Each structure stands twice: as C-alpha cells, then as structure tokens.
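**Q** For reference, this is entry21.pdb, and it has PDB, C-alpha atoms and all ligand atoms.
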ATOM      1  CA  MET J  15     -14.532  -8.692 -10.923  1.00  0.00           C
ATOM      2  CA  PRO J  16     -17.722  -6.662 -11.438  1.00  0.00           C
ATOM      3  CA  THR J  17     -17.375  -2.900 -11.796  1.00  0.00           C
ATOM      4  CA  PHE J  18     -16.704  -0.771  -8.727  1.00  0.00           C
ATOM      5  CA  PHE J  19     -20.396   0.119  -8.742  1.00  0.00           C
ATOM      6  CA  HIS J  20     -21.618  -3.467  -8.510  1.00  0.00           C
ATOM      7  CA  ARG J  21     -24.626  -2.757  -6.272  1.00  0.00           C
ATOM      8  CA  ASP J  22     -27.148   0.036  -6.419  1.00  0.00           C
ATOM      9  CA  PHE J  23     -25.909   1.301  -3.043  1.00  0.00           C
ATOM     10  CA  LEU J  24     -22.388   0.649  -1.790  1.00  0.00           C
ATOM     11  CA  CYS J  25     -21.275   0.479   1.829  1.00  0.00           C
ATOM     12  CA  ILE J  26     -17.555   1.209   1.518  1.00  0.00           C
ATOM     13  CA  GLY J  27     -15.191   0.466   4.387  1.00  0.00           C
ATOM     14  CA  HIS J  28     -13.558   3.841   5.080  1.00  0.00           C
ATOM     15  CA  ARG J  29      -9.873   3.178   5.819  1.00  0.00           C
ATOM     16  CA  GLY J  30     -10.926  -0.436   6.336  1.00  0.00           C
ATOM     17  CA  PHE J  31     -13.075  -0.921   9.394  1.00  0.00           C
ATOM     18  CA  PRO J  32     -11.968   1.599  12.025  1.00  0.00           C
ATOM     19  CA  GLY J  33     -14.938   0.685  14.188  1.00  0.00           C
ATOM     20  CA  ALA J  34     -13.320  -2.721  14.679  1.00  0.00           C
ATOM     21  CA  ALA J  35      -9.576  -2.420  14.017  1.00  0.00           C
ATOM     22  CA  PRO J  36      -6.891   0.230  13.549  1.00  0.00           C
ATOM     23  CA  GLU J  37      -7.489   2.264  10.386  1.00  0.00           C
ATOM     24  CA  ASN J  38      -5.579   1.509   7.189  1.00  0.00           C
ATOM     25  CA  THR J  39      -4.173  -1.785   8.497  1.00  0.00           C
ATOM     26  CA  LEU J  40      -4.252  -5.271   7.027  1.00  0.00           C
ATOM     27  CA  ARG J  41      -6.302  -6.472   9.971  1.00  0.00           C
ATOM     28  CA  GLY J  42      -8.824  -3.720   9.401  1.00  0.00           C
ATOM     29  CA  PHE J  43      -9.136  -4.490   5.708  1.00  0.00           C
ATOM     30  CA  GLU J  44      -9.595  -8.208   6.377  1.00  0.00           C
ATOM     31  CA  LEU J  45     -12.265  -7.494   9.000  1.00  0.00           C
ATOM     32  CA  ALA J  46     -14.034  -5.182   6.553  1.00  0.00           C
ATOM     33  CA  ILE J  47     -14.112  -7.936   3.951  1.00  0.00           C
ATOM     34  CA  SER J  48     -15.352 -10.473   6.523  1.00  0.00           C
ATOM     35  CA  ALA J  49     -18.082  -8.060   7.608  1.00  0.00           C
ATOM     36  CA  GLY J  50     -19.365  -7.903   4.028  1.00  0.00           C
ATOM     37  CA  ALA J  51     -18.115  -4.529   2.800  1.00  0.00           C
ATOM     38  CA  ASP J  52     -19.045  -3.795  -0.799  1.00  0.00           C
ATOM     39  CA  ALA J  53     -15.706  -2.078  -1.374  1.00  0.00           C
ATOM     40  CA  LEU J  54     -12.718  -0.760   0.565  1.00  0.00           C
ATOM     41  CA  GLU J  55     -11.255   2.712   0.756  1.00  0.00           C
ATOM     42  CA  LEU J  56      -7.641   3.415   1.677  1.00  0.00           C
ATOM     43  CA  ASP J  57      -5.194   6.329   1.641  1.00  0.00           C
ATOM     44  CA  VAL J  58      -1.836   6.003  -0.074  1.00  0.00           C
ATOM     45  CA  GLN J  59       1.264   8.178  -0.004  1.00  0.00           C
ATOM     46  CA  TRP J  60       4.506   7.817  -1.982  1.00  0.00           C
ATOM     47  CA  VAL J  61       7.304   8.137   0.566  1.00  0.00           C
ATOM     48  CA  ASP J  62      10.968   7.192   0.191  1.00  0.00           C
ATOM     49  CA  GLY J  63      10.267   4.913  -2.753  1.00  0.00           C
ATOM     50  CA  GLY J  64       7.332   3.098  -1.175  1.00  0.00           C
ATOM     51  CA  LEU J  65       3.556   3.336  -1.516  1.00  0.00           C
ATOM     52  CA  ILE J  66       2.478   3.375   2.096  1.00  0.00           C
ATOM     53  CA  VAL J  67      -1.093   3.195   3.300  1.00  0.00           C
ATOM     54  CA  ILE J  68      -1.635   5.946   5.852  1.00  0.00           C
ATOM     55  CA  HIS J  69      -4.022   8.868   6.092  1.00  0.00           C
ATOM     56  CA  ASP J  70      -2.334  11.663   8.013  1.00  0.00           C
ATOM     57  CA  ASP J  71       0.620  13.906   7.178  1.00  0.00           C
ATOM     58  CA  GLU J  72       1.917  13.189  10.675  1.00  0.00           C
ATOM     59  CA  LEU J  73       2.654   9.873  12.342  1.00  0.00           C
ATOM     60  CA  ASP J  74       1.423  10.792  15.811  1.00  0.00           C
ATOM     61  CA  ARG J  75      -2.284   9.958  15.707  1.00  0.00           C
ATOM     62  CA  THR J  76      -2.192   6.476  14.200  1.00  0.00           C
ATOM     63  CA  THR J  77       1.275   5.097  14.914  1.00  0.00           C
ATOM     64  CA  SER J  78       3.895   4.752  17.619  1.00  0.00           C
ATOM     65  CA  GLY J  79       6.002   7.336  15.776  1.00  0.00           C
ATOM     66  CA  THR J  80       6.075  11.110  15.714  1.00  0.00           C
ATOM     67  CA  GLY J  81       6.697  13.760  13.112  1.00  0.00           C
ATOM     68  CA  ARG J  82       6.077  14.058   9.423  1.00  0.00           C
ATOM     69  CA  VAL J  83       5.352  11.099   7.189  1.00  0.00           C
ATOM     70  CA  ASP J  84       6.863  12.541   4.024  1.00  0.00           C
ATOM     71  CA  THR J  85      10.344  13.052   5.472  1.00  0.00           C
ATOM     72  CA  ALA J  86      10.548   9.657   7.185  1.00  0.00           C
ATOM     73  CA  THR J  87      12.475   6.757   5.703  1.00  0.00           C
ATOM     74  CA  LEU J  88      10.574   3.755   4.502  1.00  0.00           C
ATOM     75  CA  ALA J  89      12.516   1.592   6.957  1.00  0.00           C
ATOM     76  CA  HIS J  90      11.417   3.794   9.845  1.00  0.00           C
ATOM     77  CA  LEU J  91       7.793   3.870   8.703  1.00  0.00           C
ATOM     78  CA  ARG J  92       7.758   0.108   8.436  1.00  0.00           C
ATOM     79  CA  SER J  93       9.206  -0.286  11.933  1.00  0.00           C
ATOM     80  CA  LEU J  94       6.317   1.519  13.601  1.00  0.00           C
ATOM     81  CA  ASP J  95       3.268   0.107  15.320  1.00  0.00           C
ATOM     82  CA  ALA J  96       0.095   1.247  13.523  1.00  0.00           C
ATOM     83  CA  GLY J  97      -2.127  -0.137  16.295  1.00  0.00           C
ATOM     84  CA  GLY J  98      -2.450  -3.517  17.952  1.00  0.00           C
ATOM     85  CA  GLY J  99       0.895  -4.640  16.563  1.00  0.00           C
ATOM     86  CA  GLU J 100      -0.075  -3.891  12.960  1.00  0.00           C
ATOM     87  CA  ARG J 101       2.465  -2.282  10.647  1.00  0.00           C
ATOM     88  CA  ILE J 102       1.787   0.523   8.221  1.00  0.00           C
ATOM     89  CA  PRO J 103       1.022  -1.562   5.127  1.00  0.00           C
ATOM     90  CA  LEU J 104       2.322  -1.109   1.632  1.00  0.00           C
ATOM     91  CA  LEU J 105      -0.310  -0.732  -1.071  1.00  0.00           C
ATOM     92  CA  GLU J 106       0.972  -3.958  -2.590  1.00  0.00           C
ATOM     93  CA  GLU J 107       0.327  -5.829   0.655  1.00  0.00           C
ATOM     94  CA  VAL J 108      -3.244  -4.573   0.769  1.00  0.00           C
ATOM     95  CA  LEU J 109      -3.847  -5.599  -2.831  1.00  0.00           C
ATOM     96  CA  ASP J 110      -2.374  -9.027  -2.049  1.00  0.00           C
ATOM     97  CA  LEU J 111      -4.730  -9.343   0.915  1.00  0.00           C
ATOM     98  CA  VAL J 112      -7.753  -8.230  -1.076  1.00  0.00           C
ATOM     99  CA  ALA J 113      -6.861 -10.614  -3.889  1.00  0.00           C
ATOM    100  CA  LYS J 114      -9.577  -9.171  -6.124  1.00  0.00           C
ATOM    101  CA  ARG J 115     -12.324 -10.230  -3.693  1.00  0.00           C
ATOM    102  CA  LEU J 116     -13.891  -6.766  -3.827  1.00  0.00           C
ATOM    103  CA  PRO J 117     -13.181  -3.373  -5.395  1.00  0.00           C
ATOM    104  CA  VAL J 118     -10.775  -0.901  -3.825  1.00  0.00           C
ATOM    105  CA  ASN J 119     -10.932   2.898  -3.829  1.00  0.00           C
ATOM    106  CA  ILE J 120      -7.344   4.102  -3.668  1.00  0.00           C
ATOM    107  CA  GLU J 121      -7.165   7.695  -2.480  1.00  0.00           C
ATOM    108  CA  LEU J 122      -3.967   9.358  -3.705  1.00  0.00           C
ATOM    109  CA  LYS J 123      -2.965  11.490  -0.735  1.00  0.00           C
ATOM    110  CA  GLY J 124       0.470  12.899  -1.357  1.00  0.00           C
ATOM    111  CA  PRO J 125       2.080  14.659  -4.316  1.00  0.00           C
ATOM    112  CA  GLY J 126       3.648  12.352  -6.865  1.00  0.00           C
ATOM    113  CA  THR J 127       1.609   9.355  -5.730  1.00  0.00           C
ATOM    114  CA  ALA J 128      -0.369   8.814  -8.921  1.00  0.00           C
ATOM    115  CA  GLY J 129       2.487   7.627 -11.133  1.00  0.00           C
ATOM    116  CA  PRO J 130       3.893   4.927  -8.838  1.00  0.00           C
ATOM    117  CA  THR J 131       0.363   3.788  -7.995  1.00  0.00           C
ATOM    118  CA  VAL J 132      -0.766   3.219 -11.571  1.00  0.00           C
ATOM    119  CA  ASP J 133       2.602   1.641 -12.394  1.00  0.00           C
ATOM    120  CA  LEU J 134       1.979  -0.849  -9.589  1.00  0.00           C
ATOM    121  CA  LEU J 135      -1.592  -1.508 -10.681  1.00  0.00           C
ATOM    122  CA  ARG J 136      -0.486  -2.192 -14.239  1.00  0.00           C
ATOM    123  CA  ALA J 137       2.462  -4.332 -13.194  1.00  0.00           C
ATOM    124  CA  ARG J 138       0.121  -6.448 -11.091  1.00  0.00           C
ATOM    125  CA  GLY J 139      -2.491  -6.630 -13.823  1.00  0.00           C
ATOM    126  CA  GLU J 140      -5.117  -5.209 -11.488  1.00  0.00           C
ATOM    127  CA  ASP J 141      -8.544  -5.314 -13.116  1.00  0.00           C
ATOM    128  CA  VAL J 142      -9.781  -1.851 -14.053  1.00  0.00           C
ATOM    129  CA  ASN J 143     -13.181  -2.854 -12.723  1.00  0.00           C
ATOM    130  CA  GLY J 144     -11.740  -3.461  -9.277  1.00  0.00           C
ATOM    131  CA  ILE J 145     -10.110  -0.061  -8.817  1.00  0.00           C
ATOM    132  CA  LEU J 146     -11.328   3.492  -8.306  1.00  0.00           C
ATOM    133  CA  LEU J 147      -8.662   6.182  -7.977  1.00  0.00           C
ATOM    134  CA  SER J 148      -9.547   9.372  -6.115  1.00  0.00           C
ATOM    135  CA  ALA J 149      -7.822  12.495  -4.854  1.00  0.00           C
ATOM    136  CA  PHE J 150      -8.619  15.902  -3.437  1.00  0.00           C
ATOM    137  CA  ASP J 151      -5.693  17.208  -5.486  1.00  0.00           C
ATOM    138  CA  HIS J 152      -7.038  16.792  -8.992  1.00  0.00           C
ATOM    139  CA  ARG J 153      -3.547  17.188 -10.446  1.00  0.00           C
ATOM    140  CA  GLU J 154      -2.918  13.670  -9.165  1.00  0.00           C
ATOM    141  CA  LEU J 155      -5.967  12.459 -11.075  1.00  0.00           C
ATOM    142  CA  GLU J 156      -4.730  14.229 -14.208  1.00  0.00           C
ATOM    143  CA  ALA J 157      -1.400  12.464 -13.778  1.00  0.00           C
ATOM    144  CA  ALA J 158      -3.178   9.148 -13.327  1.00  0.00           C
ATOM    145  CA  ARG J 159      -5.240   9.760 -16.431  1.00  0.00           C
ATOM    146  CA  ALA J 160      -2.161  10.643 -18.483  1.00  0.00           C
ATOM    147  CA  ALA J 161      -0.249   7.557 -17.356  1.00  0.00           C
ATOM    148  CA  ALA J 162      -3.045   4.985 -17.201  1.00  0.00           C
ATOM    149  CA  PRO J 163      -6.373   6.295 -18.484  1.00  0.00           C
ATOM    150  CA  GLU J 164      -7.991   2.885 -18.160  1.00  0.00           C
ATOM    151  CA  TYR J 165      -8.237   3.072 -14.358  1.00  0.00           C
ATOM    152  CA  PRO J 166     -11.413   4.963 -13.403  1.00  0.00           C
ATOM    153  CA  ARG J 167     -11.156   8.136 -11.372  1.00  0.00           C
ATOM    154  CA  ALA J 168     -13.368   9.879  -8.827  1.00  0.00           C
ATOM    155  CA  ALA J 169     -12.979  13.573  -8.066  1.00  0.00           C
ATOM    156  CA  LEU J 170     -12.858  14.183  -4.320  1.00  0.00           C
ATOM    157  CA  PHE J 171     -14.094  17.445  -2.861  1.00  0.00           C
ATOM    158  CA  GLY J 172     -14.012  19.025   0.574  1.00  0.00           C
ATOM    159  CA  ARG J 173     -16.818  21.072   2.048  1.00  0.00           C
ATOM    160  CA  ILE J 174     -17.496  23.140  -1.036  1.00  0.00           C
ATOM    161  CA  ASP J 175     -20.294  22.719  -3.462  1.00  0.00           C
ATOM    162  CA  ARG J 176     -19.707  24.960  -6.436  1.00  0.00           C
ATOM    163  CA  ASP J 177     -18.813  23.694  -9.870  1.00  0.00           C
ATOM    164  CA  LEU J 178     -18.195  20.188  -8.574  1.00  0.00           C
ATOM    165  CA  VAL J 179     -19.639  18.431 -11.559  1.00  0.00           C
ATOM    166  CA  ALA J 180     -17.810  20.596 -14.092  1.00  0.00           C
ATOM    167  CA  ALA J 181     -14.516  20.085 -12.285  1.00  0.00           C
ATOM    168  CA  ALA J 182     -15.072  16.331 -12.134  1.00  0.00           C
ATOM    169  CA  GLY J 183     -15.949  16.267 -15.811  1.00  0.00           C
ATOM    170  CA  GLN J 184     -12.691  17.965 -16.694  1.00  0.00           C
ATOM    171  CA  ILE J 185     -10.682  15.062 -15.337  1.00  0.00           C
ATOM    172  CA  GLY J 186     -12.950  12.450 -16.891  1.00  0.00           C
ATOM    173  CA  ALA J 187     -14.226  11.220 -13.550  1.00  0.00           C
ATOM    174  CA  VAL J 188     -16.835   8.503 -13.203  1.00  0.00           C
ATOM    175  CA  ALA J 189     -17.866   9.796  -9.785  1.00  0.00           C
ATOM    176  CA  VAL J 190     -17.854  12.776  -7.470  1.00  0.00           C
ATOM    177  CA  ASN J 191     -16.884  11.905  -3.905  1.00  0.00           C
ATOM    178  CA  VAL J 192     -18.257  14.556  -1.595  1.00  0.00           C
ATOM    179  CA  HIS J 193     -18.494  15.484   2.057  1.00  0.00           C
ATOM    180  CA  ARG J 194     -21.817  14.630   3.658  1.00  0.00           C
ATOM    181  CA  HIS J 195     -22.624  18.322   4.032  1.00  0.00           C
ATOM    182  CA  SER J 196     -22.362  18.794   0.260  1.00  0.00           C
ATOM    183  CA  ALA J 197     -24.559  15.852  -0.709  1.00  0.00           C
ATOM    184  CA  ARG J 198     -27.691  17.693  -1.739  1.00  0.00           C
ATOM    185  CA  PRO J 199     -30.289  16.382  -4.206  1.00  0.00           C
ATOM    186  CA  ALA J 200     -29.415  19.002  -6.848  1.00  0.00           C
ATOM    187  CA  LEU J 201     -25.787  17.949  -6.822  1.00  0.00           C
ATOM    188  CA  VAL J 202     -26.603  14.251  -7.033  1.00  0.00           C
ATOM    189  CA  LYS J 203     -28.955  14.964  -9.925  1.00  0.00           C
ATOM    190  CA  ALA J 204     -26.429  17.153 -11.749  1.00  0.00           C
ATOM    191  CA  ALA J 205     -23.771  14.477 -11.376  1.00  0.00           C
ATOM    192  CA  ARG J 206     -26.150  11.811 -12.677  1.00  0.00           C
ATOM    193  CA  ASN J 207     -27.097  13.991 -15.639  1.00  0.00           C
ATOM    194  CA  ALA J 208     -23.390  14.257 -16.429  1.00  0.00           C
ATOM    195  CA  GLY J 209     -23.028  10.475 -16.228  1.00  0.00           C
ATOM    196  CA  MET J 210     -21.358  10.414 -12.828  1.00  0.00           C
ATOM    197  CA  ALA J 211     -22.169   8.646  -9.584  1.00  0.00           C
ATOM    198  CA  THR J 212     -22.064  10.376  -6.206  1.00  0.00           C
ATOM    199  CA  LEU J 213     -20.294   8.818  -3.227  1.00  0.00           C
ATOM    200  CA  VAL J 214     -20.470  10.469   0.202  1.00  0.00           C
ATOM    201  CA  TYR J 215     -18.005  10.536   3.122  1.00  0.00           C
ATOM    202  CA  THR J 216     -18.042   9.828   6.045  1.00  0.00           C
ATOM    203  CA  VAL J 217     -21.480   8.541   7.000  1.00  0.00           C
ATOM    204  CA  ASN J 218     -21.912   6.624  10.246  1.00  0.00           C
ATOM    205  CA  ASP J 219     -25.640   7.106  10.866  1.00  0.00           C
ATOM    206  CA  PRO J 220     -27.869   4.574   9.063  1.00  0.00           C
ATOM    207  CA  GLU J 221     -30.786   7.015   8.867  1.00  0.00           C
ATOM    208  CA  GLU J 222     -28.557   9.496   7.079  1.00  0.00           C
ATOM    209  CA  ALA J 223     -27.344   6.738   4.761  1.00  0.00           C
ATOM    210  CA  LEU J 224     -30.927   5.816   3.939  1.00  0.00           C
ATOM    211  CA  ALA J 225     -31.806   9.427   3.169  1.00  0.00           C
ATOM    212  CA  LEU J 226     -28.784   9.672   0.878  1.00  0.00           C
ATOM    213  CA  ARG J 227     -29.812   6.501  -0.866  1.00  0.00           C
ATOM    214  CA  ARG J 228     -33.268   7.943  -1.465  1.00  0.00           C
ATOM    215  CA  ILE J 229     -31.843  10.978  -3.262  1.00  0.00           C
ATOM    216  CA  GLY J 230     -29.818   8.775  -5.575  1.00  0.00           C
ATOM    217  CA  VAL J 231     -26.416   8.611  -3.897  1.00  0.00           C
ATOM    218  CA  ALA J 232     -24.528   5.534  -5.110  1.00  0.00           C
ATOM    219  CA  GLY J 233     -22.765   4.731  -1.860  1.00  0.00           C
ATOM    220  CA  ILE J 234     -21.184   5.889   1.360  1.00  0.00           C
ATOM    221  CA  PHE J 235     -17.818   5.676   3.041  1.00  0.00           C
ATOM    222  CA  THR J 236     -18.410   4.470   6.572  1.00  0.00           C
ATOM    223  CA  ASP J 237     -16.405   3.682   9.692  1.00  0.00           C
ATOM    224  CA  CYS J 238     -19.281   1.537  10.962  1.00  0.00           C
ATOM    225  CA  LEU J 239     -19.735  -1.287   8.491  1.00  0.00           C
ATOM    226  CA  ASP J 240     -21.405  -3.483  11.084  1.00  0.00           C
ATOM    227  CA  VAL J 241     -24.139  -0.929  11.740  1.00  0.00           C
ATOM    228  CA  MET J 242     -24.702  -0.147   8.071  1.00  0.00           C
ATOM    229  CA  LEU J 243     -24.710  -3.716   6.843  1.00  0.00           C
ATOM    230  CA  ASN J 244     -27.293  -4.702   9.458  1.00  0.00           C
ATOM    231  CA  SER J 245     -29.542  -1.766   8.754  1.00  0.00           C
ATOM    232  CA  ALA J 246     -32.866  -2.427   7.065  1.00  0.00           C
ATOM    233  CA  GLY J 247     -33.164  -0.521   3.830  1.00  0.00           C
ATOM    234  CA  LEU J 248     -29.459  -0.407   3.120  1.00  0.00           C
ATOM    235  CA  ARG J 249     -29.113  -4.039   1.989  1.00  0.00           C
TER
HETATM  236  O1  LIG J 301     -12.464   9.309   0.180  1.00  0.00           O
HETATM  237  C1  LIG J 301     -13.375   9.688   1.134  1.00  0.00           C
HETATM  238  C2  LIG J 301     -12.685  10.136   2.396  1.00  0.00           C
HETATM  239  O2  LIG J 301     -11.779   9.156   2.771  1.00  0.00           O
HETATM  240  C3  LIG J 301     -11.992  11.456   2.219  1.00  0.00           C
HETATM  241  O3  LIG J 301     -11.586  12.009   3.434  1.00  0.00           O
HETATM  242  O4  LIG J 301      -9.948  12.613   5.122  1.00  0.00           O
HETATM  243  O5  LIG J 301     -11.109  10.435   5.255  1.00  0.00           O
HETATM  244  O6  LIG J 301      -9.393  10.817   3.511  1.00  0.00           O
HETATM  245  P1  LIG J 301     -10.451  11.440   4.366  1.00  0.00           P
HETATM  246 CA    CA J 302      -9.481   8.740   2.464  1.00  0.00          CA
END
What do you get writing this file as structure tokens?
**A**
Amino acid sequence: MPTFFHRDFLCIGHRGFPGAAPENTLRGFELAISAGADALELDVQWVDGGLIVIHDDELDRTTSGTGRVDTATLAHLRSLDAGGGERIPLLEEVLDLVAKRLPVNIELKGPGTAGPTVDLLRARGEDVNGILLSAFDHRELEAARAAAPEYPRAALFGRIDRDLVAAAGQIGAVAVNVHRHSARPALVKAARNAGMATLVYTVNDPEEALALRRIGVAGIFTDCLDVMLNSAGLR
C-alpha cells in the first residue's frame, strides 16, 4: 500500500459515492472503488459495542429508523435499511470490502470512538499507509495518538480559519482537513510550511477542484467522483 497521499491530487470518495449509491454503505464504497477513487472517506461511531459507519447523530435522514444513533442498540441499528436494501455497515465490513485496495480516511464521529477504532486497526494489521484518522473533536485524535501513534491523523475543522495549523500541529497531524470556504492560499501555504497537506471538503464542482489544486491543495472530498475523475486537469 502506498501512503495515503499517493498522488499529487486526491479525489476522495466522500462517504463512498453518494452520487451513485446510498452514503456510507458497502455498495457505495464498492462503486467508489470501481469508479477509480484515489481514497475513501467514511464516518464511524462507537455505539453499543460496535463501530458503525454512519454520519448523522439521528437515524432519520439515511435509514428506515428514527431517533438517536447513540442510544440505539447495535441489533436495532443493524436491522435498519440504509438505502436500497443496504445495512448500516460495521467498520470491519468496510475494511474487509476495501481489502487494502486503496487508502481509507476514517472520520471518528462520536465520543470514545478512537480507542475501539485503533484497536480494530491493529488487530487487523491494517497498514499505517492505508489509513488516515480524522476528527472535528481533536480529543479523539489525541486519544488515537496515545493509543496508536503510528496511524496518521488529520485535524478536521469547520468553517473557521484561525490557528488551524497550530492546532493541527499540536496533535501531530499530517494534514488539515478544511471546509471549502476556509481553503485559502495562505492557509494551504502555512500548512505546507509546517509539513502538512491540506484536504478540502466537500467539493463537487470540477472548476473549484482545479482552482484548489492550483493553490497546492492535496485533495478533495467529493460526492461526485464520476464528474471529478472525468475532468481534464484533475487526472
Ligand atoms: O472529512 C471531511 C468531511 O466528511 C467532514 O464533514 O459532515 O461530511 O463529515 P462531514
Ligand atoms: Ca465525514
């Protein structure tokens, strides 16, 4: 497995390939790989003893269920339809599907997710080059670093742009993952000067992706892999 940053500009399947299949499902991840994604991104939460791959705090938008994710039982979560007959996958099932064919950015969504995630990665012998851990809650990244410092980390940020690079440096990040509205040349340059890459979410316009590439961004999270991968200048 090459490193996560195995091309000079990465088109990363955001939650798989939501332009073609339900987000964060095995079908979506397989379609993303078939389409030629450079890497995958997924969201993981530790709920009732399982690492489940789902983005929201609530079940309503993406599944046949309702109510909170974090108070549901694993059995209930696994009984739901996540779109087109897909189940909410376990992280282990996604890693089995990927089978080291391409790198995976695992976003740690809920509290207490870092420990079980790195335990799983180690138990499976997942290649450090094939994994990038990220989180908006940097305490999760600190926990990941304490438990398994070998797995690289990216500091995720919302729509703020102050002290990003310093904050990312404090948790030993290899990248800053920023909202598209924060991805300015000065930030990209400051991150590079600190030895960090910049990844940008969520970019679905190829012209915007090209402009980001020109300012030195290392890759984008996109819902539209098909559009990006067929866009001149991005491949
Ligand atoms: O990791 C990039 C992006 O996925 C962060 O935002 O809300 O899509 O998880 P969100
Ligand atoms: Ca995410």
**Q** Between CA of Phe31 (chain J) and CA of Ile120 (chain J), measure the distance and give it in Å to one decimal.
**A**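 About the pair CA of Phe31 (chain J) and CA of Ile120 (chain J): they are 15.1 Å apart.
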**Q** Counting only C-alpha atoms and all ligand atoms, which residues of chain J sit at most 9 Å from some atom of ligand LIG 301 (chain J), and what is each one's closest atom pair with its distance in Å to one decimal, listed by chain and rising residue number, as a tab-separated table?
**A**
residue	atom	partner	partner_atom	distance
J:His28	CA	J:LIG301	O2	6.1
J:Arg29	CA	J:LIG301	O2	7.0
J:Glu55	CA	J:LIG301	O1	6.7
J:Leu56	CA	J:LIG301	O2	7.2
J:Asp57	CA	J:LIG301	O6	6.4
J:His69	CA	J:LIG301	O6	6.3
J:Asp70	CA	J:LIG301	O4	8.2
J:Asn119	CA	J:LIG301	O1	7.7
J:Ile120	CA	J:LIG301	O1	8.3
J:Glu121	CA	J:LIG301	O1	6.1
J:Lys123	CA	J:LIG301	O6	7.7
J:Ser148	CA	J:LIG301	O1	6.9
J:Ala149	CA	J:LIG301	O1	7.6
J:Phe150	CA	J:LIG301	C3	7.9
J:Leu170	CA	J:LIG301	O1	6.6
J:Phe171	CA	J:LIG301	C3	8.1
J:Gly172	CA	J:LIG301	O3	8.0
J:Asn191	CA	J:LIG301	C1	6.5
J:Val192	CA	J:LIG301	C1	7.4
J:His193	CA	J:LIG301	C3	7.7
J:Leu213	CA	J:LIG301	C1	8.2
J:Val214	CA	J:LIG301	C1	7.2
J:Tyr215	CA	J:LIG301	C1	5.1
J:Thr216	CA	J:LIG301	C2	6.5
J:Ile234	CA	J:LIG301	C1	8.7
J:Phe235	CA	J:LIG301	C1	6.3
J:Thr236	CA	J:LIG301	O2	9.0
**Q** Mind pulling up the distance from CA of Arg21 (chain J) to CA of Ala232 (chain J)?
**A**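 According to the coordinates, CA of Ala232 (chain J) and CA of Arg21 (chain J) are separated by 8.4 Å.
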**Q** Just want the 7 Å neighbourhood of Met210 (chain J), counted on all atoms listed in the file, with same-chain residues fewer than 3 positions away dropped. Output as a compact mmCIF listing (two decimals) with C-alpha atoms, in the frame of the given file.
**A**
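The result, written out as selection.txt:
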# COMPACT_ATOMS: atom_id res chain seq x y z
CA VAL J 188 -16.84 8.50 -13.20
CA ALA J 189 -17.87 9.80 -9.78
CA VAL J 190 -17.85 12.78 -7.47
CA ALA J 205 -23.77 14.48 -11.38
CA ARG J 206 -26.15 11.81 -12.68
**Q** On this structure, which residues satisfy the PyMOL selection byres (((chain J and resi 64) around 9) and not hetatm), written as a PDB file with C-alpha atoms, keeping the file's coordinate frame?
**A**
ATOM      1  CA  GLN J  59       1.264   8.178  -0.004  1.00  0.00           C
ATOM      2  CA  TRP J  60       4.506   7.817  -1.982  1.00  0.00           C
ATOM      3  CA  VAL J  61       7.304   8.137   0.566  1.00  0.00           C
ATOM      4  CA  ASP J  62      10.968   7.192   0.191  1.00  0.00           C
ATOM      5  CA  GLY J  63      10.267   4.913  -2.753  1.00  0.00           C
ATOM      6  CA  LEU J  65       3.556   3.336  -1.516  1.00  0.00           C
ATOM      7  CA  ILE J  66       2.478   3.375   2.096  1.00  0.00           C
ATOM      8  CA  LEU J  88      10.574   3.755   4.502  1.00  0.00           C
ATOM      9  CA  LEU J 104       2.322  -1.109   1.632  1.00  0.00           C
ATOM     10  CA  LEU J 105      -0.310  -0.732  -1.071  1.00  0.00           C
ATOM     11  CA  PRO J 130       3.893   4.927  -8.838  1.00  0.00           C
TER      12      PRO J 130
END
**Q** Taking the file as shown, find all residues satisfying the PyMOL selection byres (((chain J and resi 98) around 10) and not hetatm) and write them as a list in words.
**A**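 Against this file, the PyMOL selection byres (((chain J and resi 98) around 10) and not hetatm) returns the residues Ala35, Pro36, Thr39, Arg41, Thr77, Asp95, Ala96, Gly97, Gly99, Glu100 and Arg101 of chain J.
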**Q** As JSON, please report the centre and edge lengths, rounded to one decimal in Å, of the axis-aligned box that holds all listed atoms of region 101-105 of chain J with 6 Å of padding on each of the six sides.
**A**
{"center_x": 1.1, "center_y": -0.9, "center_z": 4.8, "size_x": 14.8, "size_y": 14.8, "size_z": 23.7}
**Q** Choose the residue, out of J:Ala180, J:Glu44, J:Arg92, J:Gly139, that has the smallest atom-to-atom separation from Gly209 (chain J); count all atoms listed in the file.
**A**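 Counting all atoms listed in the file, the residue closest to Gly209 (chain J) is J:Ala180.
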**Q** With all atoms listed in the file as the counted atoms, please give the residues lying no more than 12 Å from Glu222 (chain J), apart from itself and same-chain residues fewer than 2 positions off, as a list in words.
**A** Arg194, His195, Ala197, Val214, Tyr215, Thr216, Val217, Asn218, Asp219, Pro220, Leu224, Ala225, Leu226, Arg227, Arg228, Ile229, Val231, Gly233, Ile234, Thr236, Met242, Ser245, Gly247 and Leu248 of chain J
**Q** Please measure the separation of CA of Leu111 (chain J) and CA of Tyr165 (chain J), giving the value in Å to one decimal.
**A** 20.0 Å
**Q** So, counting only C-alpha atoms, which residue among J:Val118, J:Ala157, J:Val58, J:Ala181 is closest to Ile26 (chain J)?
**A** J:Val118
**Q** Determine the residue membership of the PyMOL selection byres (((chain J and resi 84) around 10) and not hetatm) for the file above and supply it as an NGL selection string.
**A** :J and (59-62 or 71-73 or 81-83 or 85-88 or 91 or 124-125)
